[in-house]
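The file upload-v9.txt comes next; it holds compact mmCIF, C-alpha atoms.
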# COMPACT_ATOMS: atom_id res chain seq x y z
CA MET A 6 69.89 79.86 101.52
CA GLY A 7 66.19 80.77 101.64
CA THR A 8 66.42 82.17 105.16
CA ARG A 9 69.34 84.34 104.22
CA ASN A 10 67.51 85.68 101.22
CA LEU A 11 64.47 86.46 103.37
CA LEU A 12 66.60 88.23 105.98
CA TRP A 13 68.26 90.28 103.28
CA ASN A 14 64.87 91.26 101.86
CA VAL A 15 63.54 92.29 105.26
CA ALA A 16 66.67 94.34 106.04
CA ASN A 17 66.44 96.00 102.66
CA LYS A 18 62.76 96.89 103.25
CA TYR A 19 63.51 98.40 106.66
CA PHE A 20 66.45 100.38 105.31
CA THR A 21 64.37 101.82 102.46
CA PHE A 22 61.54 102.63 104.83
CA GLY A 23 63.97 104.39 107.17
CA LEU A 24 65.45 106.48 104.36
CA VAL A 25 62.04 107.55 103.07
CA GLY A 26 60.72 108.26 106.57
CA LEU A 27 63.74 110.34 107.50
CA THR A 28 63.49 112.34 104.29
CA ILE A 29 59.79 113.04 104.79
CA SER A 30 60.28 114.07 108.42
CA ASP A 31 63.19 116.34 107.47
CA ARG A 32 61.72 118.02 104.44
CA TYR A 33 57.95 117.91 104.66
CA ALA A 34 56.32 117.16 107.98
CA SER A 35 56.74 115.23 111.20
CA ILE A 36 54.81 114.50 114.37
CA VAL A 37 56.34 115.38 117.73
CA PRO A 38 55.12 115.14 121.34
CA VAL A 39 54.75 118.29 123.44
CA ARG A 40 56.12 117.95 126.95
CA GLY A 41 55.51 120.30 129.86
CA GLY A 42 52.96 123.01 130.45
CA SER A 43 54.70 126.06 129.00
CA MET A 44 52.25 126.29 126.09
CA SER A 45 49.11 125.55 128.13
CA PRO A 46 46.22 126.04 127.35
CA ALA A 47 46.99 125.72 123.59
CA PHE A 48 48.81 122.40 124.20
CA ASN A 49 48.69 120.14 127.26
CA PRO A 50 45.90 121.97 129.15
CA GLN A 51 46.42 119.46 131.97
CA PRO A 52 50.15 118.73 131.70
CA SER A 53 50.29 115.80 134.07
CA ILE A 54 47.61 113.68 132.35
CA SER A 55 48.83 113.14 128.80
CA ASP A 56 51.09 114.68 126.18
CA ASP A 57 49.69 116.23 123.03
CA TYR A 58 51.16 115.15 119.70
CA VAL A 59 51.41 117.88 117.09
CA LEU A 60 52.05 118.02 113.35
CA VAL A 61 55.10 120.10 112.41
CA GLU A 62 55.44 121.28 108.83
CA LYS A 63 58.86 122.04 107.37
CA PHE A 64 57.96 123.89 104.18
CA CYS A 65 58.44 127.19 106.02
CA LEU A 66 62.17 126.42 106.24
CA GLU A 67 62.71 127.16 102.55
CA LYS A 68 62.03 130.86 102.90
CA TYR A 69 61.98 131.35 106.68
CA LYS A 70 58.82 133.44 106.32
CA PHE A 71 56.81 133.51 109.51
CA SER A 72 53.84 135.52 110.77
CA HIS A 73 53.14 136.92 114.19
CA GLY A 74 51.53 134.31 116.38
CA ASP A 75 52.94 131.22 114.60
CA VAL A 76 53.82 128.36 116.93
CA VAL A 77 57.29 127.07 116.07
CA VAL A 78 59.71 124.34 117.11
CA PHE A 79 63.25 125.62 117.62
CA ARG A 80 66.56 124.46 119.06
CA SER A 81 67.32 125.98 122.44
CA PRO A 82 70.00 128.67 122.12
CA SER A 83 71.66 127.44 125.32
CA ASN A 84 71.62 123.71 124.51
CA TYR A 85 71.41 122.58 120.88
CA LYS A 86 70.15 119.12 121.82
CA GLU A 87 66.92 120.47 123.30
CA LYS A 88 63.99 121.58 121.22
CA HIS A 89 61.33 123.96 122.47
CA ILE A 90 57.85 124.82 121.21
CA LYS A 91 56.88 128.47 121.60
CA ARG A 92 54.88 131.20 119.90
CA ILE A 93 56.51 133.90 117.75
CA ILE A 94 55.52 137.28 119.19
CA ALA A 95 57.73 139.65 117.21
CA LEU A 96 59.66 139.45 113.93
CA PRO A 97 62.79 141.28 112.68
CA GLY A 98 62.44 145.06 112.84
CA ASP A 99 59.56 145.07 115.33
CA TRP A 100 59.64 146.84 118.65
CA ILE A 101 58.49 144.78 121.60
CA GLY A 102 57.59 145.74 125.14
CA THR A 103 59.14 143.27 127.57
CA THR A 104 57.40 142.79 130.87
CA HIS A 105 60.33 140.88 132.37
CA ASN A 106 61.40 142.76 135.50
CA SER A 107 61.17 146.35 134.35
CA TYR A 108 59.11 147.59 131.43
CA ASP A 109 61.44 148.01 128.50
CA VAL A 110 61.10 148.44 124.74
CA LEU A 111 63.45 146.44 122.57
CA LYS A 112 64.10 146.32 118.82
CA ILE A 113 64.37 142.84 117.30
CA PRO A 114 67.63 142.62 115.28
CA GLU A 115 67.80 141.45 111.67
CA GLY A 116 67.17 137.70 111.29
CA HIS A 117 65.90 137.23 114.84
CA CYS A 118 62.52 136.75 116.48
CA TRP A 119 60.96 136.98 119.92
CA VAL A 120 59.35 133.77 121.22
CA GLU A 121 57.18 133.30 124.29
CA GLY A 122 55.16 130.49 125.80
CA ASP A 123 51.41 130.96 126.28
CA ASN A 124 51.71 130.14 129.95
CA SER A 125 54.01 132.94 131.05
CA ALA A 126 54.19 131.64 134.61
CA SER A 127 56.14 128.49 133.70
CA SER A 128 57.89 129.16 130.43
CA MET A 129 61.56 129.51 129.60
CA ASP A 130 61.58 131.81 126.58
CA SER A 131 62.87 135.06 125.09
CA ARG A 132 62.10 136.83 128.35
CA SER A 133 65.07 134.99 129.85
CA PHE A 134 67.39 134.47 126.84
CA GLY A 135 66.46 137.37 124.57
CA PRO A 136 65.66 137.30 120.84
CA ILE A 137 66.71 134.09 119.04
CA PRO A 138 68.01 133.72 115.46
CA LEU A 139 65.30 132.55 113.03
CA ALA A 140 67.83 129.99 111.78
CA LEU A 141 67.26 127.96 114.96
CA VAL A 142 63.64 127.34 113.94
CA GLN A 143 63.03 123.71 112.89
CA GLY A 144 59.39 123.87 111.79
CA ARG A 145 55.94 125.30 112.33
CA VAL A 146 53.23 123.60 114.37
CA THR A 147 49.98 123.50 112.40
CA HIS A 148 47.71 120.85 113.95
CA ILE A 149 47.17 118.80 117.07
CA VAL A 150 46.79 115.16 116.02
CA TRP A 151 46.60 113.29 119.32
CA PRO A 152 44.60 112.79 121.58
CA PRO A 153 41.73 112.45 119.08
CA GLU A 154 39.26 114.61 121.04
CA ARG A 155 41.64 117.56 120.73
CA LEU A 156 42.25 117.07 116.99
CA GLY A 157 42.29 120.39 115.19
CA GLY A 158 44.26 123.36 113.94
CA VAL A 159 46.43 125.67 116.01
CA GLU A 160 45.17 129.22 116.04
CA ARG A 161 47.44 132.18 115.47
CA ARG A 162 47.27 134.87 118.13
CA TYR A 163 49.60 137.26 119.91
CA PRO A 164 49.40 140.29 122.22
CA LYS A 165 49.07 143.04 119.60
CA GLU A 166 49.38 145.85 122.12
CA ARG A 167 52.96 144.86 122.99
CA VAL A 168 54.31 144.80 119.44
CA SER A 169 54.69 147.66 117.01
CA SER A 170 56.30 147.36 113.60
CA LEU A 171 57.28 150.97 112.94
CA MET B 22 45.09 93.35 80.07
CA TRP B 23 48.18 91.53 81.35
CA HIS B 24 50.25 93.73 79.16
CA TYR B 25 49.04 96.95 80.83
CA ARG B 26 49.48 95.52 84.27
CA SER B 27 53.10 94.69 83.62
CA ILE B 28 53.74 98.20 82.27
CA VAL B 29 52.19 99.77 85.38
CA ARG B 30 54.23 97.49 87.60
CA GLU B 31 57.42 98.35 85.76
CA ALA B 32 56.68 102.11 86.01
CA TRP B 33 55.99 101.77 89.72
CA HIS B 34 59.27 99.95 90.33
CA ARG B 35 61.25 102.54 88.40
CA THR B 36 59.58 105.46 90.24
CA MET B 37 60.31 103.82 93.57
CA ALA B 38 63.95 103.31 92.60
CA VAL B 39 64.31 107.00 91.71
CA ALA B 40 62.52 108.08 94.91
CA ASN B 41 64.79 105.83 96.98
CA PHE B 42 67.85 107.25 95.32
CA LEU B 43 66.71 110.83 96.04
CA CYS B 44 65.94 109.95 99.66
CA GLY B 45 69.38 108.39 100.03
CA LEU B 46 70.92 111.53 98.58
CA HIS B 47 69.00 113.72 101.02
CA VAL B 48 69.99 111.61 104.01
CA THR B 49 73.67 111.55 102.97
CA ASN B 50 73.62 115.30 102.43
CA THR B 51 71.90 116.06 105.73
CA TYR B 52 73.53 113.58 108.07
CA LEU B 53 76.93 112.70 106.62
CA CYS B 54 78.59 115.15 104.34
CA THR B 55 77.77 118.03 102.07
CA ALA B 56 79.54 120.08 99.41
CA ALA B 57 79.54 123.86 99.59
CA LEU B 58 81.04 126.77 97.71
CA ALA B 59 82.94 129.41 99.71
CA TYR B 60 83.43 132.81 98.15
CA GLY B 61 84.14 136.33 99.38
CA PRO B 62 87.11 137.86 101.14
CA SER B 63 86.37 136.85 104.73
CA MET B 64 88.26 133.54 104.78
CA LEU B 65 91.39 134.59 102.87
CA PRO B 66 93.91 132.93 102.65
CA THR B 67 92.19 129.62 103.51
CA PHE B 68 89.50 130.04 100.88
CA ASN B 69 89.84 132.03 97.69
CA LEU B 70 87.98 135.19 96.79
CA THR B 71 86.25 133.77 93.73
CA GLY B 72 85.00 130.51 95.13
CA ASP B 73 86.42 127.22 96.39
CA LEU B 74 84.38 124.06 96.49
CA PHE B 75 84.83 122.12 99.73
CA LEU B 76 83.35 119.18 101.60
CA ALA B 77 81.86 119.57 105.06
CA GLU B 78 80.98 116.64 107.28
CA ARG B 79 77.95 116.79 109.56
CA LEU B 80 78.96 114.22 112.17
CA SER B 81 81.30 116.27 114.36
CA THR B 82 78.80 119.08 114.83
CA ARG B 83 76.05 116.60 115.65
CA PHE B 84 78.14 114.74 118.23
CA ASP B 85 79.79 117.82 119.71
CA LYS B 86 83.28 117.00 118.39
CA VAL B 87 84.20 120.39 116.93
CA ARG B 88 87.07 122.21 118.60
CA PRO B 89 88.52 125.72 118.34
CA GLY B 90 90.50 126.05 115.10
CA ASP B 91 88.04 124.09 112.96
CA VAL B 92 86.55 125.73 109.88
CA VAL B 93 82.78 125.46 110.22
CA LEU B 94 79.72 125.98 108.08
CA VAL B 95 77.26 128.15 110.01
CA ARG B 96 73.72 129.30 109.27
CA SER B 97 73.92 133.08 109.45
CA PRO B 98 72.18 134.55 112.51
CA GLU B 99 71.35 137.65 110.48
CA ASN B 100 69.86 135.94 107.45
CA PRO B 101 68.60 132.38 108.03
CA ARG B 102 68.65 131.58 104.30
CA LYS B 103 72.40 132.14 104.07
CA LEU B 104 75.25 129.85 105.10
CA ILE B 105 78.58 131.35 106.10
CA VAL B 106 82.03 129.77 106.49
CA LYS B 107 84.11 130.89 109.46
CA ARG B 108 86.74 129.58 111.84
CA LEU B 109 85.64 128.49 115.30
CA LEU B 110 87.68 130.33 117.92
CA GLY B 111 85.96 129.67 121.21
CA MET B 112 83.57 127.16 122.78
CA GLU B 113 81.20 127.87 125.68
CA GLY B 114 83.00 129.15 128.77
CA ASP B 115 86.17 130.18 126.87
CA SER B 116 87.29 133.78 127.09
CA VAL B 117 88.08 135.25 123.70
CA THR B 118 90.13 138.37 123.00
CA TYR B 119 89.36 140.06 119.71
CA ALA B 120 90.39 143.20 117.83
CA VAL B 121 87.35 145.47 117.78
CA ASP B 122 88.28 147.45 114.69
CA PRO B 123 91.64 146.22 113.31
CA LYS B 124 91.69 148.73 110.44
CA ASN B 125 91.70 151.88 112.53
CA SER B 126 92.75 151.04 116.04
CA SER B 127 94.51 148.35 118.04
CA ARG B 128 91.83 148.26 120.71
CA CYS B 129 91.09 144.74 121.96
CA ASN B 130 88.17 143.41 123.88
CA THR B 131 87.74 140.21 125.91
CA VAL B 132 84.45 138.35 126.29
CA VAL B 133 83.41 135.07 127.87
CA VAL B 134 81.37 132.89 125.49
CA PRO B 135 78.00 132.09 127.15
CA LYS B 136 76.57 128.61 127.63
CA GLY B 137 75.59 126.80 124.46
CA HIS B 138 77.25 129.38 122.21
CA VAL B 139 80.43 129.52 120.12
CA TRP B 140 82.66 132.31 118.89
CA ILE B 141 83.36 132.42 115.13
CA GLU B 142 85.65 134.71 113.14
CA GLY B 143 86.85 134.92 109.56
CA ASP B 144 90.54 134.36 108.88
CA ASN B 145 90.74 137.77 107.25
CA ILE B 146 89.72 139.94 110.19
CA TYR B 147 89.90 143.09 108.04
CA ALA B 148 87.00 142.09 105.82
CA SER B 149 84.80 139.72 107.74
CA ARG B 150 81.40 140.01 109.33
CA ASP B 151 81.42 137.59 112.25
CA SER B 152 81.03 137.26 116.02
CA ARG B 153 82.84 140.57 116.47
CA GLN B 154 79.75 142.28 115.05
CA PHE B 155 76.86 139.98 115.94
CA GLY B 156 78.27 138.36 119.06
CA PRO B 157 78.55 134.67 119.97
CA VAL B 158 76.23 132.39 117.97
CA PRO B 159 74.18 129.48 119.36
CA TYR B 160 75.78 126.06 118.76
CA GLY B 161 72.57 124.96 117.03
CA LEU B 162 73.47 127.12 114.03
CA LEU B 163 76.57 125.04 113.20
CA GLU B 164 75.84 122.95 110.12
CA GLY B 165 79.10 121.13 109.49
CA LYS B 166 82.88 121.08 109.67
CA ALA B 167 84.90 121.66 106.53
CA PHE B 168 87.48 118.92 106.04
CA CYS B 169 88.69 119.00 102.48
CA LYS B 170 88.89 121.38 99.57
CA ILE B 171 87.94 119.61 96.38
CA LEU B 172 88.23 122.36 93.80
CA GLU B 173 90.39 125.46 93.96
CA ALA B 174 89.28 128.66 92.29
CA GLU B 175 91.92 128.45 89.54
CA ALA B 176 90.60 125.06 88.56
CA HIS B 177 87.48 126.66 87.12
CA VAL B 178 89.54 127.58 84.07
CA MET B 179 88.68 125.08 81.39
CA THR B 180 91.51 123.86 79.22
CA SER B 181 90.53 121.71 76.27
CA GLY B 182 87.28 120.67 77.91
CA THR B 183 88.67 119.20 81.13
CA PHE B 184 89.00 120.50 84.65
CA VAL B 185 92.52 121.16 85.83
CA LEU B 186 92.85 120.28 89.49
Full structure transcribed into structure tokens:
Amino acid sequence: MGTRNLLWNVANKYFTFGLVGLTISDRYASIVPVRGGSMSPAFNPQPSISDDYVLVEKFCLEKYKFSHGDVVVFRSPSNYKEKHIKRIIALPGDWIGTTHNSYDVLKIPEGHCWVEGDNSASSMDSRSFGPIPLALVQGRVTHIVWPPERLGGVERRYPKERVSSL
Amino acid sequence: MWHYRSIVREAWHRTMAVANFLCGLHVTNTYLCTAALAYGPSMLPTFNLTGDLFLAERLSTRFDKVRPGDVVLVRSPENPRKLIVKRLLGMEGDSVTYAVDPKNSSRCNTVVVPKGHVWIEGDNIYASRDSRQFGPVPYGLLEGKAFCKILEAEAHVMTSGTFVL
């Protein structure tokens, strides 16, 4: 009888812990690994050595208010199971100059944003799939938490000369 | 001294119970099933103008089990804070024929839904803002599949303090 009681207690503890953990990671913050070199040098400056772990905050999802240069996690528009980490370059209503194959100026539609990786040579981003709906965004990256020597905030920057918000 | 300690312990247990309950509620609402209110003319006659309460389950969208014909809850691509209810008409790779402007002309257009996207339209094509205006939407915007109406609009009328279903 004692063993059964103990097992029940342990299962109960794990279940509670799971519920609380899931709620915190959904609503407040979570830690995710960054894979690949598309955001180098901000994350994974040497992609093959080790992955960076970053803190993603979810409070921004209540109002979907973002600033230029925020690094965000979003679901890929071509495959909902994949998540990408990129930098927001332009917000709804902005005009952006795309340097894709020909120089072109594009207006970002309502509720969309333009995302690009810092390492434009190896990044799959808005230059290939166009502006993405803000509703695909799952959180904003605020800090690098691992490895410890790279611990620190993520700075906000973007190419100002390519964006105009007339 | 012992008295205070037992009070603190009791308070802690109660707080934890409430927190657990709220967490359970959040997880159920996010991963299993949610209730939503549909109003507006775009889904007539499936949903009423003044507001029907319905249940939407989250499992079929998560495990890719939605099919054309399902009524889905979608986060609006134009305003991320808004949820819209539409009918799913095409999955990726399907070709969809739609009336461009059914009020004034009978012109139709055919498109192929790109990879990872779906085509959604309201049941009332005369008064609906859907894929015909903003194009196919990414699958990641689907939030759930409506499966049962729990409260019709007429039921909001209160008669002698009870809901009439």
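For B:Phe155, the set of protein, DNA and RNA residues having any atom at most 9 Å away, when counting all atoms listed in the file and skipping those fewer than 3 positions along the same chain, is Pro98, Glu99, Arg150, Asp151, Ser152 and Val158 of chain B.
Here is the contact set of chain A against chain B, at 9 Å and counting all atoms listed in the file: Thr21, Leu24, Val25, Gly26, Leu27, Thr28, Ile29, Asp31, Leu66, Glu67, Lys68, Tyr69, Arg80, Ser81, Pro82, Ser83, Asn84, Tyr85, Lys86, Pro114, Glu115, Gly116, His117, Ile137, Pro138, Leu139, Ala140 and Leu141 of chain A.
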Using C-alpha atoms, can you write the selected residues to a file as a PDB file, in the frame of the given file?
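Produced file part02.pdb, reproduced below:
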ATOM      1  CA  THR A  21      64.370 101.820 102.460  1.00  0.00           C
ATOM      2  CA  LEU A  24      65.450 106.480 104.360  1.00  0.00           C
ATOM      3  CA  VAL A  25      62.040 107.550 103.070  1.00  0.00           C
ATOM      4  CA  GLY A  26      60.720 108.260 106.570  1.00  0.00           C
ATOM      5  CA  LEU A  27      63.740 110.340 107.500  1.00  0.00           C
ATOM      6  CA  THR A  28      63.490 112.340 104.290  1.00  0.00           C
ATOM      7  CA  ILE A  29      59.790 113.040 104.790  1.00  0.00           C
ATOM      8  CA  ASP A  31      63.190 116.340 107.470  1.00  0.00           C
ATOM      9  CA  LEU A  66      62.170 126.420 106.240  1.00  0.00           C
ATOM     10  CA  GLU A  67      62.710 127.160 102.550  1.00  0.00           C
ATOM     11  CA  LYS A  68      62.030 130.860 102.900  1.00  0.00           C
ATOM     12  CA  TYR A  69      61.980 131.350 106.680  1.00  0.00           C
ATOM     13  CA  ARG A  80      66.560 124.460 119.060  1.00  0.00           C
ATOM     14  CA  SER A  81      67.320 125.980 122.440  1.00  0.00           C
ATOM     15  CA  PRO A  82      70.000 128.670 122.120  1.00  0.00           C
ATOM     16  CA  SER A  83      71.660 127.440 125.320  1.00  0.00           C
ATOM     17  CA  ASN A  84      71.620 123.710 124.510  1.00  0.00           C
ATOM     18  CA  TYR A  85      71.410 122.580 120.880  1.00  0.00           C
ATOM     19  CA  LYS A  86      70.150 119.120 121.820  1.00  0.00           C
ATOM     20  CA  PRO A 114      67.630 142.620 115.280  1.00  0.00           C
ATOM     21  CA  GLU A 115      67.800 141.450 111.670  1.00  0.00           C
ATOM     22  CA  GLY A 116      67.170 137.700 111.290  1.00  0.00           C
ATOM     23  CA  HIS A 117      65.900 137.230 114.840  1.00  0.00           C
ATOM     24  CA  ILE A 137      66.710 134.090 119.040  1.00  0.00           C
ATOM     25  CA  PRO A 138      68.010 133.720 115.460  1.00  0.00           C
ATOM     26  CA  LEU A 139      65.300 132.550 113.030  1.00  0.00           C
ATOM     27  CA  ALA A 140      67.830 129.990 111.780  1.00  0.00           C
ATOM     28  CA  LEU A 141      67.260 127.960 114.960  1.00  0.00           C
TER      29      LEU A 141
END
Listed atoms of stretch 120-131 of chain B boxed axis-aligned with 8 Å per side, centre + edges as JSON:
{"center_x": 90.9, "center_y": 146.0, "center_z": 118.2, "size_x": 23.2, "size_y": 27.7, "size_z": 31.5}
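The coordinates place atom CA of A:Val61 at 7.8 Å from atom CA of A:Val78.
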>> Ranking A:Val59, A:Ile54, A:Val110, A:Val142 by minimum distance to A:Val37 and counting only C-alpha atoms, which one comes first?
In response: A:Val59
> Hey, can you check how far atom CA of A:Lys88 sits from atom CA of A:Glu121?
Replying inline: 13.9 Å
>> When you look at stretch 60-67 of chain B with a cut-off of 12 Å (counting only C-alpha atoms), what residues show up, excluding the ones that are within fewer than 4 positions of it in the same chain? I need them as a ChimeraX atom specification.
In response: /B:71-75,91-94,104-109,141-151,167-170,173-174
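Of note, atom CA of A:Gly102 and atom CA of A:Met129 are spaced 17.3 Å apart.
Comparing the minimum interatomic distances between B:Gly114 and each of B:Leu76, B:His34, B:Pro157, B:Asn130, counting all atoms listed in the file, we find that B:Pro157 sits nearest.
For the set A:Ile101, A:Phe20, A:Ile90, A:Leu111, the residue with the smallest atom-to-atom gap to A:Ala47 is A:Ile90, counting all atoms listed in the file.
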>> I want to know what sits within 12 Å of A:Arg132, based on only C-alpha atoms, with residues of the same chain fewer than 4 positions away left out; could you give that as a ChimeraX atom specification?
In response: /A:91,94,101-109,111,118-122,125-128,136-137
Next, dump the selected residues to file, keeping only C-alpha atoms, as a PDB file, keeping the file's coordinate frame.
ATOM      1  CA  LYS A  91      56.880 128.470 121.600  1.00  0.00           C
ATOM      2  CA  ILE A  94      55.520 137.280 119.190  1.00  0.00           C
ATOM      3  CA  ILE A 101      58.490 144.780 121.600  1.00  0.00           C
ATOM      4  CA  GLY A 102      57.590 145.740 125.140  1.00  0.00           C
ATOM      5  CA  THR A 103      59.140 143.270 127.570  1.00  0.00           C
ATOM      6  CA  THR A 104      57.400 142.790 130.870  1.00  0.00           C
ATOM      7  CA  HIS A 105      60.330 140.880 132.370  1.00  0.00           C
ATOM      8  CA  ASN A 106      61.400 142.760 135.500  1.00  0.00           C
ATOM      9  CA  SER A 107      61.170 146.350 134.350  1.00  0.00           C
ATOM     10  CA  TYR A 108      59.110 147.590 131.430  1.00  0.00           C
ATOM     11  CA  ASP A 109      61.440 148.010 128.500  1.00  0.00           C
ATOM     12  CA  LEU A 111      63.450 146.440 122.570  1.00  0.00           C
ATOM     13  CA  CYS A 118      62.520 136.750 116.480  1.00  0.00           C
ATOM     14  CA  TRP A 119      60.960 136.980 119.920  1.00  0.00           C
ATOM     15  CA  VAL A 120      59.350 133.770 121.220  1.00  0.00           C
ATOM     16  CA  GLU A 121      57.180 133.300 124.290  1.00  0.00           C
ATOM     17  CA  GLY A 122      55.160 130.490 125.800  1.00  0.00           C
ATOM     18  CA  SER A 125      54.010 132.940 131.050  1.00  0.00           C
ATOM     19  CA  ALA A 126      54.190 131.640 134.610  1.00  0.00           C
ATOM     20  CA  SER A 127      56.140 128.490 133.700  1.00  0.00           C
ATOM     21  CA  SER A 128      57.890 129.160 130.430  1.00  0.00           C
ATOM     22  CA  PRO A 136      65.660 137.300 120.840  1.00  0.00           C
ATOM     23  CA  ILE A 137      66.710 134.090 119.040  1.00  0.00           C
TER      24      ILE A 137
END
>> Give me the residues near B:Asp122 as a ChimeraX atom specification, where near means some atom within 9 Å (using all atoms listed in the file) and where sequence neighbours in that chain fewer than 4 positions away do not count.
In response: /B:126-129,146-147,153
